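The structure appears below as C-alpha cells.
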Amino acid sequence: QQRGPLVLAAASMQEAMNAAADAWAAQRHARPVLSFAASSALARQIRSGAPADLFVSADEDWMDDVERAGLLQRGTRADMAGNRLVLVAPARAPLRLRIARGMPIARALGDSRLAMANPDSVPAGKYGKAALAALGVWHSVANRLALGDNVRSTLTLVERGEARLGIVYATDARASRDVVVAGTFPAASHAPIRYPIARLTASRNPEAEGFRRFLLSRPGQNILARYGFSRP
Amino acid sequence: MSFDLEIDHRIGDRPIRLRAQAGAGLTALLGPSGAGKTSILNMVAGIVAPDRGRITVAGETLFDSSAAINVPASQRRAGYVFQDGRLFPHMRVRANLLYGRHGDAPLSFEAILDFLGIGHLLDRWPATLSGGEAQRVTIGRALLSGPRFLLLDEPLSSLDPARREEISTVIERMKRDLAMPILYVSHDRAEVERLADHIIPL
Amino acid sequence: MSFDLEIDHRIGDRPIRLRAQAGAGLTALLGPSGAGKTSILNMVAGIVAPDRGRITVAGETLFDSSAAINVPASQRRAGYVFQDGRLFPHMRVRANLLYGRHGDAPLSFEAILDFLGIGHLLDRWPATLSGGEAQRVTIGRALLSGPRFLLLDEPLSSLDPARREEISTVIERMKRDLAMPILYVSHDRAEVERLADHIIPL
Amino acid sequence: MILSPEEWSIVALSLQVSLVAVGLMLPVAFALAWLLARSRFPGKLLVDALVHLPLVVPPVVTGWLLLLLFGANGPLGRLFEQALGVSFMFRWTGAALASAIMAMPLMVRAMRLSIEGIDRRLEQAAQTLGAEPRRVFLTISLPLALPGILAGLVLGFARSIGEFGATITFVSDVPGETRTLPIAIYSALQMPGAETAVTRLAVISILLSLAALVASEALARRAGGGRTNHVL
Amino acid sequence: MILSPEEWSIVALSLQVSLVAVGLMLPVAFALAWLLARSRFPGKLLVDALVHLPLVVPPVVTGWLLLLLFGANGPLGRLFEQALGVSFMFRWTGAALASAIMAMPLMVRAMRLSIEGIDRRLEQAAQTLGAEPRRVFLTISLPLALPGILAGLVLGFARSIGEFGATITFVSDVPGETRTLPIAIYSALQMPGAETAVTRLAVISILLSLAALVASEALARRAGGGRTNHVL
Ligand SMILES: Nc1ncnc2c1ncn2[C@@H]1O[C@H](COP(=O)(O)OP(=O)(O)OP(=O)(O)O)[C@@H](O)[C@H]1O
Ligand SMILES: Nc1ncnc2c1ncn2[C@@H]1O[C@H](COP(=O)(O)OP(=O)(O)OP(=O)(O)O)[C@@H](O)[C@H]1O
Ligand code: MOO
Ligand SMILES: [Mg+2]
Ligand SMILES: [Mg+2]
C-alpha cells in the first residue's frame, strides 16, 4: 500500500487535522502522515531540504519565509482556516469582561498577570498585542504580562489559576474544560487570523494535492469548523 | 594490665579468637601471615567491632559486647601506625603530620621531625614520598596525635637499619618514660626480642 | 655482565646518579630510605625513562639515551615485585596471578601456589588479603610472567620467618639453576648477606 | 562582541538564576549523592528514580509538575509563601527553582561517582587520629570527593545556563524576571530571519559556560596537587 | 497498566532510538573522555567546550544546528547520504542522532571522572607483566573506569528517553519514525484535557529508566566485587 503524503502542520491544529486525515482515509485514500511542531521548526526543516508534501502554518510570516525561499509550488498557497482571539479566565474563578475600548482589564487582573503568547515571536501574541493596542489598553498591561512560548503554555497558566486572565485562540478555549471565555475580541481589533496551506516543491506524493484540495473543500472545512476554526 | 583482650570474631570464613592479658610495656603480637594480627589491631583501635568480646586498655574498657560498650575510634586515642600507611593524599606532609595533633603529644613536633628525619619533606605530597619516607611520616602522624597507647603494625619494615635503630630507641623511651601501652606487630625476631616485654602468639 | 647501569636522572629536586656493573647472580641495592632504590628499579623495568644513560641487562641494551633506544616495559620481561604491591583490585587472586602468564615461567603454577602458600586464596579479591598474603601474591604474579630477570623491592618485608625462609630458598634456586639476574632491594642485613653476590651501595 | 543593554540584563539575570540554582542545589545534591552512595535503605531505588526524573521526562512535563506543586495554588507553593514569604510564580526565584531541579540529576550522579571512589580506609585513619565524624567528613571525605563536586558544578551550571522547557512552562517568560538566555533564544528562533540574534545569544551562553569550565579546571588543578597517585 | 498498540509502538521506538543513540555514543564518548582526561593538547579547552555545548544551548538550538549540518542540504547530511545511504530527515535515525548528541556531555563527564581516578601505577604494573598498551587498556583501564561508564550509560539513557527539544526541531514529530515518548507527551500536552494520556506516557518513561537504573546497579554490583577498597 502506498504511503500517504507527509503533512507538516502547526501544533495547534493537531486534533482538527487528525480528524480531517481520518475522514480522507475513510474515502479509501492512504492516510496522510501528520507531523506537528511549532511553525518555526517546520519552516526551518523545509528550508533545510526536508522531503515533505504539505505545510500548514499557524503563521503567515513563516509561510512567507518558505515562499521566499522558493520552496512552495506556485499557485498552491491558500488560506485553509481562520480563528478568533478570546480572553479566558479560570473556570474556578470565572470572570466576564465586556471587550471594548478602554476596558478595565488591568483592574480585572488585580495583582495577577495577563498570560499571552510572546508578541514578538508567536502569532497569537502578535494578534493579542494588536488587539489590546487597538482597544487602547496595551500600556495598562504591558508590564503585567506572562509570556508563553506557545498558546498551550498560556492556557495552562489560566487553567491552573496562576494567571487570572489569558489571551488564546477560540479553538483552544473551546477544547479546555478548565477555562471560560471572558470575552471575544472584535475581529476588527487585529489582523485576520489565517492558517495558510501550501504544497512544497519537494512534494513527490501523488495524493498530496488531493488532500490539500480536500482540506479546502466543503467537507474538509466542515471538519475544521467542528474544532472551532472559522472560514478564512 | 596494659591490654586485656577477649575477642571472638569472624572475618570472611576465618574465625579469630583471642584471650590475652598483658602487663605494662610492649606487647608483641606474633603469628604467621594471615593469622589475624592486623584484624586485632583494627578491633583495638575501634575501626572494626568484634562480633563478641571485651577490650580493655590500661584499665579502660573500650569495647564490651555484653555491656554494649563501644567507644568510638575517635575517642580511643590510639596511636595507630597502619600496615598500609594511609597518608591523606590530598594533604601535604605537614598537614598529614598535624592532622591529629593533640596537646598531650609525648614529643614535640620538632623532636619528631628530627628523629624521623622528615623535616625536609614537610611541603611534599604523599604521592612523591619513597616507601620508607611515607612510613616515617605515618609514624610521626600517630605519635603527634597524643595517643594513650600505640598500635604498631610492622612500623619498621622498609626502613634502613640506622633509622630503625633510632626509632626503636624512641619507642623504648615512650614505653619506659611514659609508661605507654604498646601493641606491636613484627616478623623480625631480633626486633621483637629486643623490644617486647610480653609476647602473644597467634 | 648481569647488570650494566649508567643512570643520570632527576626526580623532583633530587639527582640520582649511578654507575655500576654487576656479574651473574643476585645484586643487592643498598642505601638509606629515599636514596633512589625504587627509582632505579623503575628505570630498569622501563616504567620511568632516565634523563640520560644506558641500561643493559644480561647483555641486552634496554635503554640508551645516546642511541635513542628505549625498549617498552611490556617487552623487557622484568619480573618486578613492587614495594607497594599493586595487585589489580578488580581481579580475583587467580586472575592476578595469571595476568602475565608466560610459557617460559621458571616454575609451574602449582609449584608457585605451593611454596608461596596461596592456594587457598585463589578466589579471593585482593582487598580481602592480609598484608603478607598480598605480598606473596605479588611475588607469585611476577614469577609466573616468565621473567628474564627479577626486580625485587623488599619482597620479604611483612612475611613471617618461615615463609621468608622458603621464598629465599626459591630465589636462590632461580639465580643458581636458571642463572637469572636479580636486582634486590632490602634493608635486612642478614638477608642481603645470605643472598647477595654483589652489592651496589647508593 | 558588544552587548546591548537588553542583552546585558538577560546575561545578568541568567547568571543570577544559574548561580543561585547551582548554589542552592549543591548541598541538596551532595546529601542525595551521599545517601545513595553510602546508605542502604528501603526505598533507595525510589529516591534514585526520583533524582533521575527530571532527566527522563521532557522538561515541559517537569515544568508542569512544578506548576502543580509550587504554583501560587500548589501545596508547596502555598507553604513557601506562608513559611518563608518566597513566591515562585513569574519570579526569577521560580526560574532558579526550575533550573535547580533540572540540574539535580547531573549533579547527584557526578558527586555520587566520586563519593563511591573514596578510599574508606582513609576515613578510618582520620578517626583513629581523633577526628569525630563531622571532621572526618569535612577534612577527608569532602575534599576527596572534590573532583565529583566540581564536575557536578560544571554540569549543573551548564545545564542551568541552557534550561528552557521547564522554566517557560513553570514561570513563563517575564522580561527582567524569568527571561533568561535560553528563553530569549527561543523567542528569537521563532521569528523568521532572527538567526543573527539567536547566534549572538547562543555565543554568549557558550562563553559563560566556557568561563565556568576554565574556572573549574583551574580549581581542580589547584586542589589536585599531588593527588594523582595514592601512595603506600 | 495495559498499553494500547499505539503506546506500544511509541515505547518500542523510544527504546530503539535510545539504545542506538547510547550504543553509538558509547565509544565516541569514551574516546572523548579519555582524551580529555589523559592528554594535554592545544585546543583541549575547545574540545571540552564543544562537548558541553548541547548542555549549554537550549535543545532547540542544538536541533537547529543539527538541521543545518545533517539536514538533506547540510554538508554532513549529504555526506552520510552519499557515503552510507543514511538519511536523517523525518527518520528515526535522526531522532537517534539528536538523542546521542544531547546525551554526549553527560556520558563524557561521568566517564572522564572515572578515568581520572584510575591508579596509573596499576597500568604500569600490567606493562611490566608483558601487557602491550592495547591489553593494558582493555584489561586494566577500561574495567577500572567501569563505574563511570555505567554512570554515563544511565545518564545518557535517561537523557535519551527524555530528549525532546532537539529531536522535534531536527526531525519533527512523525508517527512511527520520530514520535518517541517525550514527543508523544508533548503532543498530548498540546491538546487541552489530555492530561491522562500525558500521565500514562510519563509513567512509562519513568518505568523504562527505572529498569535501566536497576540493570546498572546490578551490573555495578556484579562488576564491583571486591573493588570497594584498594589494598596494599
Ligand atoms: N615527585 C617527586 N618530587 C620530589 N621528590 C621525589 C618525587 N618522587 C620521588 N622523590 C624523591 O626521590 C627519592 C628517591 O625515591 P625512591 O622511591 O627511589 O627511594 P628508595 O630508595 O626506594 O627509598 P625507600 O627505601 O624509602 O623506599 C626520595 O627521596 C623521594 O622523596
Ligand atoms: N573480607 C574477607 N574475606 C575473607 N577473609 C578475609 C577477609 N578479610 C580478611 N580476611 C582474612 O583474615 C585473615 C586475617 O587478616 P589480617 O590482615 O588480620 O592478617 P595479619 O595477621 O595481619 O597478616 P599479615 O601478617 O599478612 O599482615 C587473613 O587470612 C585474611 O585473608
Ligand atoms: O501552533 Mo504554533 O506554531 O506553536 O503557534
Ligand atoms: Mg597484617
Ligand atoms: Mg623504595
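Labels for the C-alpha cells follow display order: chains A, B, ..., residues from 1 in each chain, ligands from 1.
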- Message: If the cut-off is 6 Å, can you tell me the residues of chain C near chain B, counting only C-alpha atoms? I'd like them as an MDAnalysis selection string.
- Response: chainID C and resid 32:34 130 132 157 160 187
- Pull out every residue of chain B sitting within 7 Å of chain D, counting only C-alpha atoms, and send them as JSON, numbers by chain. {"B": [45, 47, 73, 74, 75, 77, 78, 80, 84, 85, 86, 88, 89, 90, 100, 125, 126, 127, 131, 145]}
Could you turn the residues from that selection into a file that holds N, CA and C atoms, as an mmCIF file, in the first residue's frame?
data_model
loop_
_atom_site.group_PDB
_atom_site.id
_atom_site.type_symbol
_atom_site.label_atom_id
_atom_site.label_comp_id
_atom_site.auth_asym_id
_atom_site.auth_seq_id
_atom_site.Cartn_x
_atom_site.Cartn_y
_atom_site.Cartn_z
ATOM 1 N N ALA B 45 41.688 -0.567 67.916
ATOM 2 C CA ALA B 45 41.616 0.835 67.516
ATOM 3 C C ALA B 45 40.173 1.321 67.409
ATOM 4 N N ILE B 47 38.154 0.452 64.735
ATOM 5 C CA ILE B 47 37.754 0.520 63.329
ATOM 6 C C ILE B 47 36.816 -0.625 62.989
ATOM 7 N N ALA B 73 36.123 5.122 67.650
ATOM 8 C CA ALA B 73 37.553 5.171 67.355
ATOM 9 C C ALA B 73 38.135 6.545 67.653
ATOM 10 N N SER B 74 37.363 7.588 67.382
ATOM 11 C CA SER B 74 37.904 8.937 67.538
ATOM 12 C C SER B 74 38.153 9.295 69.001
ATOM 13 N N GLN B 75 37.556 8.519 69.922
ATOM 14 C CA GLN B 75 37.763 8.839 71.334
ATOM 15 C C GLN B 75 38.695 7.860 72.047
ATOM 16 N N ARG B 77 41.848 7.352 71.308
ATOM 17 C CA ARG B 77 43.209 7.908 71.335
ATOM 18 C C ARG B 77 44.265 6.820 71.203
ATOM 19 N N ALA B 78 44.086 6.032 70.162
ATOM 20 C CA ALA B 78 45.113 5.053 69.804
ATOM 21 C C ALA B 78 46.086 5.728 68.841
ATOM 22 N N TYR B 80 47.855 4.758 66.000
ATOM 23 C CA TYR B 80 47.854 3.559 65.156
ATOM 24 C C TYR B 80 48.737 3.797 63.929
ATOM 25 N N ASP B 84 49.447 -0.364 56.069
ATOM 26 C CA ASP B 84 49.399 0.182 54.722
ATOM 27 C C ASP B 84 49.422 1.700 54.681
ATOM 28 N N GLY B 85 50.057 2.308 55.678
ATOM 29 C CA GLY B 85 50.349 3.733 55.598
ATOM 30 C C GLY B 85 49.161 4.656 55.759
ATOM 31 N N ARG B 86 48.355 4.765 54.728
ATOM 32 C CA ARG B 86 47.150 5.581 54.785
ATOM 33 C C ARG B 86 47.406 7.052 55.026
ATOM 34 N N PHE B 88 47.038 10.838 54.009
ATOM 35 C CA PHE B 88 45.962 11.512 53.293
ATOM 36 C C PHE B 88 46.528 12.105 52.003
ATOM 37 N N PRO B 89 46.089 11.621 50.856
ATOM 38 C CA PRO B 89 46.739 12.011 49.607
ATOM 39 C C PRO B 89 46.505 13.469 49.230
ATOM 40 N N HIS B 90 45.481 14.088 49.805
ATOM 41 C CA HIS B 90 45.166 15.467 49.428
ATOM 42 C C HIS B 90 45.774 16.498 50.370
ATOM 43 N N GLY B 100 46.167 15.021 63.503
ATOM 44 C CA GLY B 100 45.601 14.580 64.773
ATOM 45 C C GLY B 100 46.233 15.275 65.952
ATOM 46 N N TRP B 125 53.932 16.284 48.677
ATOM 47 C CA TRP B 125 52.698 15.488 48.649
ATOM 48 C C TRP B 125 53.052 14.033 48.941
ATOM 49 N N PRO B 126 52.196 13.313 49.621
ATOM 50 C CA PRO B 126 52.479 11.912 49.937
ATOM 51 C C PRO B 126 52.842 11.089 48.694
ATOM 52 N N ALA B 127 52.230 11.401 47.551
ATOM 53 C CA ALA B 127 52.498 10.598 46.358
ATOM 54 C C ALA B 127 53.951 10.662 45.912
ATOM 55 N N GLY B 131 58.961 4.714 49.777
ATOM 56 C CA GLY B 131 58.290 3.837 50.727
ATOM 57 C C GLY B 131 58.669 4.118 52.169
ATOM 58 N N SER B 145 49.557 12.580 67.620
ATOM 59 C CA SER B 145 48.137 12.677 67.948
ATOM 60 C C SER B 145 47.875 12.524 69.438
#
Collect all residues with atoms no farther than 10 Å from ligand 3, counting only C-alpha atoms and all ligand atoms, and output them as a PDB file with N, CA and C atoms, in the first residue's frame.
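Okay, part-v6.pdb is ready:
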ATOM      1  N   ALA A   9       2.359  20.281  10.039  1.00  0.00           N
ATOM      2  CA  ALA A   9       1.304  21.204  10.451  1.00  0.00           C
ATOM      3  C   ALA A   9       1.607  21.806  11.818  1.00  0.00           C
ATOM      4  N   ALA A  10       1.110  23.029  11.994  1.00  0.00           N
ATOM      5  CA  ALA A  10       1.301  23.724  13.273  1.00  0.00           C
ATOM      6  C   ALA A  10       0.657  22.919  14.400  1.00  0.00           C
ATOM      7  N   ALA A  11       1.337  22.908  15.542  1.00  0.00           N
ATOM      8  CA  ALA A  11       0.917  22.062  16.659  1.00  0.00           C
ATOM      9  C   ALA A  11      -0.506  22.364  17.095  1.00  0.00           C
ATOM     10  N   SER A  12      -0.940  23.609  16.950  1.00  0.00           N
ATOM     11  CA  SER A  12      -2.264  23.983  17.439  1.00  0.00           C
ATOM     12  C   SER A  12      -3.388  23.366  16.599  1.00  0.00           C
ATOM     13  N   MET A  13      -3.053  22.773  15.454  1.00  0.00           N
ATOM     14  CA  MET A  13      -4.096  22.207  14.586  1.00  0.00           C
ATOM     15  C   MET A  13      -4.225  20.700  14.747  1.00  0.00           C
ATOM     16  N   GLN A  14      -3.531  20.155  15.744  1.00  0.00           N
ATOM     17  CA  GLN A  14      -3.428  18.715  15.882  1.00  0.00           C
ATOM     18  C   GLN A  14      -4.736  17.947  15.746  1.00  0.00           C
ATOM     19  N   PHE A  36       3.446  17.248  13.665  1.00  0.00           N
ATOM     20  CA  PHE A  36       3.130  18.526  14.294  1.00  0.00           C
ATOM     21  C   PHE A  36       4.325  19.088  15.054  1.00  0.00           C
ATOM     22  N   ALA A  37       4.559  20.367  14.871  1.00  0.00           N
ATOM     23  CA  ALA A  37       5.572  21.063  15.662  1.00  0.00           C
ATOM     24  C   ALA A  37       5.268  22.545  15.537  1.00  0.00           C
ATOM     25  N   ALA A  38       6.099  23.372  16.168  1.00  0.00           N
ATOM     26  CA  ALA A  38       5.917  24.807  16.014  1.00  0.00           C
ATOM     27  C   ALA A  38       6.155  25.168  14.550  1.00  0.00           C
ATOM     28  N   SER A  39       5.402  26.139  14.056  1.00  0.00           N
ATOM     29  CA  SER A  39       5.537  26.538  12.656  1.00  0.00           C
ATOM     30  C   SER A  39       6.982  26.895  12.339  1.00  0.00           C
ATOM     31  N   SER A  40       7.654  27.527  13.286  1.00  0.00           N
ATOM     32  CA  SER A  40       9.048  27.944  13.049  1.00  0.00           C
ATOM     33  C   SER A  40       9.931  26.724  12.806  1.00  0.00           C
ATOM     34  N   ALA A  41       9.746  25.702  13.615  1.00  0.00           N
ATOM     35  CA  ALA A  41      10.569  24.497  13.450  1.00  0.00           C
ATOM     36  C   ALA A  41      10.289  23.837  12.112  1.00  0.00           C
ATOM     37  N   LEU A  42       9.008  23.783  11.755  1.00  0.00           N
ATOM     38  CA  LEU A  42       8.639  23.141  10.490  1.00  0.00           C
ATOM     39  C   LEU A  42       9.232  23.910   9.309  1.00  0.00           C
ATOM     40  N   ALA A  43       9.117  25.233   9.368  1.00  0.00           N
ATOM     41  CA  ALA A  43       9.643  26.037   8.263  1.00  0.00           C
ATOM     42  C   ALA A  43      11.142  25.822   8.109  1.00  0.00           C
ATOM     43  N   VAL A  56       1.232  23.331   6.686  1.00  0.00           N
ATOM     44  CA  VAL A  56       0.163  24.155   7.234  1.00  0.00           C
ATOM     45  C   VAL A  56       0.777  24.984   8.346  1.00  0.00           C
ATOM     46  N   SER A  57       0.793  26.299   8.155  1.00  0.00           N
ATOM     47  CA  SER A  57       1.442  27.168   9.128  1.00  0.00           C
ATOM     48  C   SER A  57       0.395  27.875   9.960  1.00  0.00           C
ATOM     49  N   ALA A  58       0.741  28.126  11.232  1.00  0.00           N
ATOM     50  CA  ALA A  58      -0.153  28.901  12.075  1.00  0.00           C
ATOM     51  C   ALA A  58       0.129  30.386  11.861  1.00  0.00           C
ATOM     52  N   ASP A  59       0.928  30.686  10.869  1.00  0.00           N
ATOM     53  CA  ASP A  59       1.573  31.971  10.867  1.00  0.00           C
ATOM     54  C   ASP A  59       1.907  32.334   9.418  1.00  0.00           C
ATOM     55  N   TRP A  62       5.853  32.732   8.539  1.00  0.00           N
ATOM     56  CA  TRP A  62       6.705  31.581   8.244  1.00  0.00           C
ATOM     57  C   TRP A  62       6.374  30.993   6.877  1.00  0.00           C
ATOM     58  N   ALA A 117       0.787  34.700  24.565  1.00  0.00           N
ATOM     59  CA  ALA A 117       1.987  34.241  23.884  1.00  0.00           C
ATOM     60  C   ALA A 117       2.886  35.434  23.582  1.00  0.00           C
ATOM     61  N   SER A 121       7.261  36.943  18.901  1.00  0.00           N
ATOM     62  CA  SER A 121       7.613  35.747  18.150  1.00  0.00           C
ATOM     63  C   SER A 121       6.447  34.821  17.843  1.00  0.00           C
ATOM     64  N   VAL A 122       5.449  34.768  18.707  1.00  0.00           N
ATOM     65  CA  VAL A 122       4.369  33.800  18.489  1.00  0.00           C
ATOM     66  C   VAL A 122       3.156  34.530  17.907  1.00  0.00           C
ATOM     67  N   PRO A 123       2.551  33.972  16.869  1.00  0.00           N
ATOM     68  CA  PRO A 123       1.445  34.671  16.211  1.00  0.00           C
ATOM     69  C   PRO A 123       0.320  35.080  17.162  1.00  0.00           C
ATOM     70  N   ALA A 124      -0.083  34.163  18.045  1.00  0.00           N
ATOM     71  CA  ALA A 124      -1.182  34.502  18.953  1.00  0.00           C
ATOM     72  C   ALA A 124      -0.834  35.731  19.779  1.00  0.00           C
ATOM     73  N   GLY A 125       0.426  35.870  20.108  1.00  0.00           N
ATOM     74  CA  GLY A 125       0.873  37.031  20.857  1.00  0.00           C
ATOM     75  C   GLY A 125       0.816  38.293  20.013  1.00  0.00           C
ATOM     76  N   ASP A 149       5.614  30.399  25.356  1.00  0.00           N
ATOM     77  CA  ASP A 149       6.275  30.069  24.094  1.00  0.00           C
ATOM     78  C   ASP A 149       5.282  29.536  23.071  1.00  0.00           C
ATOM     79  N   ASN A 150       4.093  29.185  23.517  1.00  0.00           N
ATOM     80  CA  ASN A 150       3.017  28.850  22.596  1.00  0.00           C
ATOM     81  C   ASN A 150       1.703  29.022  23.326  1.00  0.00           C
ATOM     82  N   VAL A 151       0.637  28.880  22.581  1.00  0.00           N
ATOM     83  CA  VAL A 151      -0.676  29.149  23.174  1.00  0.00           C
ATOM     84  C   VAL A 151      -0.957  28.187  24.310  1.00  0.00           C
ATOM     85  N   ARG A 152      -0.461  26.975  24.158  1.00  0.00           N
ATOM     86  CA  ARG A 152      -0.755  25.953  25.134  1.00  0.00           C
ATOM     87  C   ARG A 152      -0.224  26.302  26.528  1.00  0.00           C
ATOM     88  N   SER A 153       0.979  26.816  26.605  1.00  0.00           N
ATOM     89  CA  SER A 153       1.505  27.133  27.945  1.00  0.00           C
ATOM     90  C   SER A 153       0.722  28.293  28.556  1.00  0.00           C
ATOM     91  N   TYR A 195      -4.649  30.540   8.701  1.00  0.00           N
ATOM     92  CA  TYR A 195      -3.721  29.421   8.642  1.00  0.00           C
ATOM     93  C   TYR A 195      -3.534  29.053   7.175  1.00  0.00           C
TER      94      TYR A 195
ATOM     95  N   GLN D 190      11.855  31.767  16.990  1.00  0.00           N
ATOM     96  CA  GLN D 190      10.515  31.662  16.413  1.00  0.00           C
ATOM     97  C   GLN D 190      10.231  32.773  15.417  1.00  0.00           C
TER      98      GLN D 190
ATOM     99  N   GLN E 190      -0.205  19.395  24.134  1.00  0.00           N
ATOM    100  CA  GLN E 190      -0.739  20.477  23.317  1.00  0.00           C
ATOM    101  C   GLN E 190      -2.254  20.414  23.245  1.00  0.00           C
TER     102      GLN E 190
END
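In this structure, atom CA of D:Pro182 sits 9.1 Å away from atom CA of D:Gly165.
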Find the residues around D:Thr167 up to 6 Å (only C-alpha atoms counted), leave out those fewer than 4 positions away in its own chain, and share them as a ChimeraX atom specification.
/D:95,98,171
Writing out the chosen residues with N, CA and C atoms as a PDB file, in the first residue's frame:
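Just written: result_22.pdb:
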ATOM      1  N   ALA D  95      12.390  30.603  38.234  1.00  0.00           N
ATOM      2  CA  ALA D  95      13.338  30.168  37.201  1.00  0.00           C
ATOM      3  C   ALA D  95      14.505  29.424  37.848  1.00  0.00           C
ATOM      4  N   ALA D  98      13.359  25.938  38.884  1.00  0.00           N
ATOM      5  CA  ALA D  98      13.282  25.034  37.727  1.00  0.00           C
ATOM      6  C   ALA D  98      14.681  24.600  37.291  1.00  0.00           C
ATOM      7  N   VAL D 171       7.220  29.206  34.912  1.00  0.00           N
ATOM      8  CA  VAL D 171       7.094  30.618  35.281  1.00  0.00           C
ATOM      9  C   VAL D 171       6.989  31.527  34.079  1.00  0.00           C
TER      10      VAL D 171
END
